[in-house]
Each structure stands twice: as C-alpha cells, then as structure tokens.
Amino acid sequence: METLRNRPAETAVKMRNRAWRLPSRRQLAGLFFVLPAVTFTLLFFIIPLLMTIWMSLHDWPLIGTPSFIGSGNYDTLAADRQFWTSLGFTIRYTLLVTPPIFILAFVLALLVNLPLRGVGLFRTAYFIPVVIGLGASSLLWVWLLNDRVGPFNTILRQLNLLQGSLVWLGSFDTALFAIIVSVVWKTVGFTMVLLLTGMQAIPQEIYQAAMVDGASYLGRLRHITLPLLRPTIALALVLSVIGSFLAFDQFYIMTRGGPRNQTITVVYWIFNNSFTYFKMGYGAALSLVLMGFLVILSMLQLRLLHREISY
Amino acid sequence: MTAHSLFLGRSLTWRRLVSRLLLYLVFISLAVIFLFPITWSVITSVKPPAEAAAIPPTGLPSRITWDNYLKLNEFGAGAGRYLFNSISVSVMTVVGTIILSTLAGYGFSRFSFPAKGALFLMILATLMIPFQSILTPLFLILTRLKLQNTLPGLALVYITFQLPFGVFVMRNSFDTVPRELEEAALLDGCSSVSLLYRVMLPIVLPGIITAGIYAFLNAWNEFLAALIFMNQQSMFTFPILLNSVNTGLYGAVDWGALQAGVTISILPSILMFLVLQRYYIQGLTGGSVKA
C-alpha cells in the first residue's frame with residue numbers, strides 16, 4: 001500500500017521532514033481528518049475506561065468526595081452474595097440460550113439457502129425481529145405473555161397445551177424459559193445470516209465432487225458444510241455468547257430481576273450499584289471484573305475453535 | 001448449495017412437487033411464527049381501548065381507531081415530546097457518525113502520519129470492550145460537562161459507540177477507490193477537502209449509508225445508556241417512556257397504549273431495514289467477517 005502512494009516527489013518531501021521531525025502539510029491534513037474521531041474515542045471511551053480502574057479503588061458516592069479504599073471494593077465483591085448469584089445466573093442463561101439459537105439458526109440457514117423461488121422473502125421475514133430494539137421487543141413479550149390480556153396463553157389453551165392461565169414471568173423457571181424464547185425469536189435471524197454467508201462462501205465444486213462420490217445430503221453436511229463453516233461458527237458464537245453475557249434489557253423489563261432477585265444479571269447488578277444505590281466505586285469494580293470475564297471468554301472461545309479447525 | 005441437485009434439473013415428478021409444497025408449508029409456518037408477535041401488536045394498537053385490554057384477549061378489532069395512540073400521548077410530557085427526543089438523538093447520531101467516520105476513514109485510508117496505526121487500533125479496540133462496563137464513569141463525565149439529561153449529550157455517547165464500526169467501514173470504502181482517480185483530480189489542482197467532497201464521496205456513498213443505518217438503529221433502539229443518562233422525565237427517549245408505562249409510572253398499565261408505543265417504536269426500524277436491506281446486510285457480513 002505504501003509503495004503505491006509514494007510517488008518520488010512525495011518521498012523526497014517525506015524524507016526531508018523525517019530529518020526535521022516535523023510533519024508535512026499532507027501528514028497534518030491526515031491527522032486533521034482523523035482528529036475528531038480520535039478525540040471522541042479518547043474523551044468518551046478511553047478516559048472513562050481509565051477512570052473505571054481509578055474509581056474501583058475508591059468509595060465513590062454520587063455526592064460528596066470519593067475516598068481511597070485500595071482493594072476495599074474487591075473485598076466487598078468477593079463476599080457479595082448477590083454478585084456471585086448474578087454471575088452464576090448470567091452464565092446459566094448464556095449456556096441455556098446459546099444452543100437453541102445455534103441449532104435453529106443452522107436449520108434456518110440451510111432452509112433459506114435452498115434454491116427456491118421466493119426464498120429471499122422468507123429470509124427477510126425471519127430476520128426482521130433482529131432490527132427492532134431489545135427494549136421494544138421485551139415490552140412486546142411482556143404483553144404477549146401476560147396471563148390476562150396476552151394472546152400467548154389463549155393460543156396455548158386452544159392448542160390444549162395449557163389449562164387455566166400461567167403467569168410466565170412470575171416464577172423463576174417459566175420466566176427464564178419465556179425470556180429465552182423471546183431472545184431466540186429476536187436474535188436467531190442474526191446468527192442465521194452469518195451462517196448463511198459462510199455457507200455461500202463454500203465452493204460448489206466441493207459438493208459436486210462429493211456427490212459424484214455418492215455422498216448423501218447428511219454426509220455432505222457433516223463432512224463438508226460443518227468443517228468448512230468452523231470459522232463462521234466461531235465468529236457467530238463469540239458474538240452471541242458475548243451478547244448473552246451482557247444481557248440487561250430483557251431482565252430489567254420482563255422480570256425486573258425477580259422473583260427474589262434471582263434474574264439479576266451481572267450488568268443489571270452493576271446498574272443497581274452504580275445508579276440505584278449510587279455506590280459508583282463498587283460499580284466500577286464490578287465493571288472491571290465483567291470486562292475481564294469478557295476478554296477471557298472471547299480468547300478462550302477463539303482458542304478452542306482454532307484448535308478444532310487445525311485438528 | 002447441495003440442494004441444487006434436489007430442486008433443479010429434469011422435470012418435476014409428483015414426489016418433487018409434494019416435497020416442494022411441504023417445504024413451502026414449512027417456510028410459511030416459520031414466517032407466521034416470526035411475524036405474528038409484531039403483527040398482533042400492530043393490530044392490537046388500532047383496536048378500541050376496551051378490546052385491547054379485554055380479558056381474555058379478543059380477535060380482530062371490531063373497528064379501527066387511533067384511540068390508543070391518543071391515550072399514549074397523555075402520558076408524562078406527551079408521546080410527541082418523547083418521539084421528538086428519540087428522533088433528535090437518532091438524527092444527531094446518524095449525522096455525527098457519518099461525518100466523523102467519513103473524515104477518519106479518508107484520513108486512515110489515504111494519508112500517512114505519525115501514530116496512524118496506533119490511533120486506528122485504538123478506535124477499533126473499543127469494540128472489544130463492552131460499553132456497559134464504562135457507563136459509570138461516563139455518567140460522571142457527562143454530569144461534569146453538564147451534558148447529562150441533554151439530547152446532544154446522549155448523541156455524543158452514541159456517536160462514540162458507533163465509531164469503531166463506522167471508521168472501519170469507511171476506511172474500507174476509501175480503500176476501494178482507485179488511486180488514479182485521486183491523482184487525476186490532484187493534478188487538476190483539487191485540494192484534499194474538495195477531492196473528498198467532489199470526487200470520492202459519491203463513490204463511498206454505499207459505505208456512508210451502511211454506517212448511517214447502523215447508527216440510526218442503535219440510537220433509536222438503545223435502552224440502557226438512555227435509561228442512565230436521561231433520568232429526567234421530560235428527557236426520556238421513547239423506549240424509556242414505554243418502560244415507564246409498563247412499570248406503572250403513569251398509573252395502571254394501559255395495554256392498548258403500550259402496543260401503540262411498541263408499534264411506533266418498531267415500525268421505523270423495520271421500514272429502514274426493508275428499504276436499505278442491501279446496505280444493512282453488507283455491513284453485517286463485510287464488517288463482522290473481516291473484523
């Protein structure tokens with residue numbers, strides 16, 4: 001790329017400037033173009049990031065002066081039963097929501113990849129819930145699931161799957177199940193499109209060769225599609241797991257953390273500490289731990305899937 | 001892919017016809033499942049309020065009314081106010097994201113300057129850190145800058161969250177513009193700025209649309225940051241208003257009005273996606289697969 005750019009005249013200018021250690025006009029122009037984006041990132045991302053570390057070492061109320069307490073917040077964290085409950089719940093939710101998303105997305109991707117007339121229309125239909133907000137979709141599902149005015153129970157009754165009425169969001173198991181259903185509905189299209197893109201990138205010739213050798217549909221799926229789809233699956237898995245680990249909207253709106261604080265996720269617990277109890281130093285410490293978890297999570301996943309690929 | 005052999009070539013036999021019909025049945029059933037919640041919410045929003053709140057729920061509306069929308073307008077400072085908030089923040093986010101990403105994309109693609117690689121990496125790396133984990137200090141910064149509970153304040157935050165994607169997309173867009181075009185314009189005495197504006201902008205327009213549609217959807221749909229930074233009732237964004245309706249801030253939950261709100265909230269996203277689908281998918285596959 002560099003060689004393309006450096007016409008002789010410019011190279012000479014550049015070398016002269018390097019000796020003077022002064023940026024050329026053209027270099028200044030480049031800096032000028034990226035400056036606004038860099039400033040925004042520094043001011044509203046890098047500085048808050050560094051502040052998180054600083055704040056986590058303080059008792060930091062909303063009003064009044066913060067006081068340095070060293071590892072105090074982390075000691076609190078280690079003994080904070082709600083934090084460990086939240087972490088356990090978040091992991092459990094992530095483990096429960098990921099498989100249905102992937103299995104369904106894979107089947108859907110296979111379906112919408114069929115060379116049928118009008119298949120694009122169906123692809124769009126399955127994708128539509130992805131573009132609406134998680135807040136709006138959670139509110140939509142609160143109503144769908146409502147035991148008195150929602151259509152969900154009525155439909156189940158008509159199908160003879162339910163008698164009487166069920167307050168889905170009232171108890172832990174049914175609430176978790178209902179939220180998983182709503183999240184699968186909302187996000188499966190995203191994974192479907194990622195997998196579909198990966199499938200379409202696999203050369204047709206490989207399938208044709210396998211067919212000549214008499215491989216069945218399932219055989220081709222198992223020995224060609226799945227192995228060649230690994231990188232795509234890895235990417236989709238990382239995105240999906242991280243998304244689930246950061247869950248907030250659906251629990252804040254649909255269960256409000258209940259019943260008995262059992263559905264408070266990690267982000268929800270950070271939110272409560274920082275913005276309900278205004279223990280902002282503690283909120284910052286929790287945030288850092290969350291950050292750490294996510295970094296480990298994505299590295300672990302990439303490593304695992306990478307090994308499988310080379311295997 | 002593999003199904004080519006199943007469905008193309010040779011004439012249709014009975015078996016093929018039946019299997020194809022069955023497949024369409026599967027496709028249609030799935031579409032019904034995916035679209036039912038949205039459709040039913042829209043239908044409920046135009047029911048007379050008594051039918052929208054009926055126990056057990058009724059079927060199709062006996063007549064179509066806008067009453068639920070009018071009732072939604074009675075909450076808090078009026079739905080219009082919250083719509084205005086959401087629209088302004090979204091427009092500011094889209095415009096800001098496009099301007100900043102285009103400038104930075106141009107700079108990173110076409111110029112060399114000190115610390116270029118490091119600066120580019122810094123912007124992209126923010127993608128790996130969840131914004132949820134920096135909201136606590138961000139709240140303090142916005143309060144200090146007197147930007148908390150202001151529409152531009154929220155837009156600034158949203159723009160920053162959009163930058164890694166936007167800058168990445170725009171850098172790639174500029175990378176595809178042929179050098180010859182640029183050199184010809186420079187020979188004609190074009191300055192860097194007018195080169196960007198007159199020659200390159202039309203070529204990178206697809207990238208701009210992609211960055212813009214993601215900026216809009218994220219700003220329009222975002223919940224957590226808006227919940228934290230806009231805690232004054234008159235400054236709520238639309239999703240926060242709807243949550244307040246649901247939590248009973250304005251009295252018993254009005255299910256018809258809530259569905260009117262949900263409809264208002266989801267239709268712009270869906271319409272935007274349907275119209276600009278091509279650019280949206282480009283961003284999804286190109287952006288994420290390469291990143």
# chains A, B, ... in the order shown; residues from 1 in each chain; ligands from 1
>>> residues_around(residues="B:Ile209", least_positions_apart="6", cutoff="9 Å", atoms="only C-alpha atoms", output="number ranges by chain")
B: 98, 276, 279-280
>>> residues_around(residues="A:Gln250", least_positions_apart="4", cutoff="9 Å", atoms="only C-alpha atoms", output="count of residues only")
11
>>> residues_around(residues="stretch 204-208 of chain B", least_positions_apart="3", cutoff="9 Å", atoms="only C-alpha atoms", output="JSON, numbers by chain")
{"B": [98, 101, 102, 166, 169, 170, 172, 173, 174, 176, 177, 200, 201, 211, 212, 213, 279, 282, 283]}
>>> atom_distance(atom1="atom CA of B:Leu274", atom2="atom CA of B:Gln162")
21.2 Å
>>> residues_around(residues="A:Leu229", least_positions_apart="5", cutoff="9 Å", atoms="only C-alpha atoms", output="ChimeraX atom specification")
/A:195,198-199,202,224,234
>>> residues_around(residues="B:Thr263", least_positions_apart="4", cutoff="10 Å", atoms="only C-alpha atoms", output="compact mmCIF listing (two decimals) with C-alpha atoms, in the first residue's frame")
# COMPACT_ATOMS: atom_id res chain seq x y z
CA ALA A 136 -39.25 -2.73 22.44
CA LEU A 140 -43.85 -6.68 23.31
CA ILE B 38 -45.19 -7.89 15.60
CA THR B 39 -48.35 -8.14 13.52
CA TRP B 40 -50.53 -8.83 16.53
CA SER B 41 -49.06 -5.86 18.39
CA VAL B 42 -49.80 -3.56 15.43
CA ILE B 43 -53.36 -4.93 15.17
CA THR B 44 -53.92 -4.51 18.90
CA SER B 45 -52.71 -0.92 18.74
CA VAL B 46 -55.62 0.05 16.47
CA TYR B 69 -52.25 6.42 20.17
CA ALA B 257 -51.42 2.43 24.63
CA LEU B 258 -48.40 0.23 25.29
CA GLN B 259 -48.95 -1.62 21.99
CA LEU B 267 -42.00 0.28 12.63
CA PRO B 268 -39.26 2.83 11.80
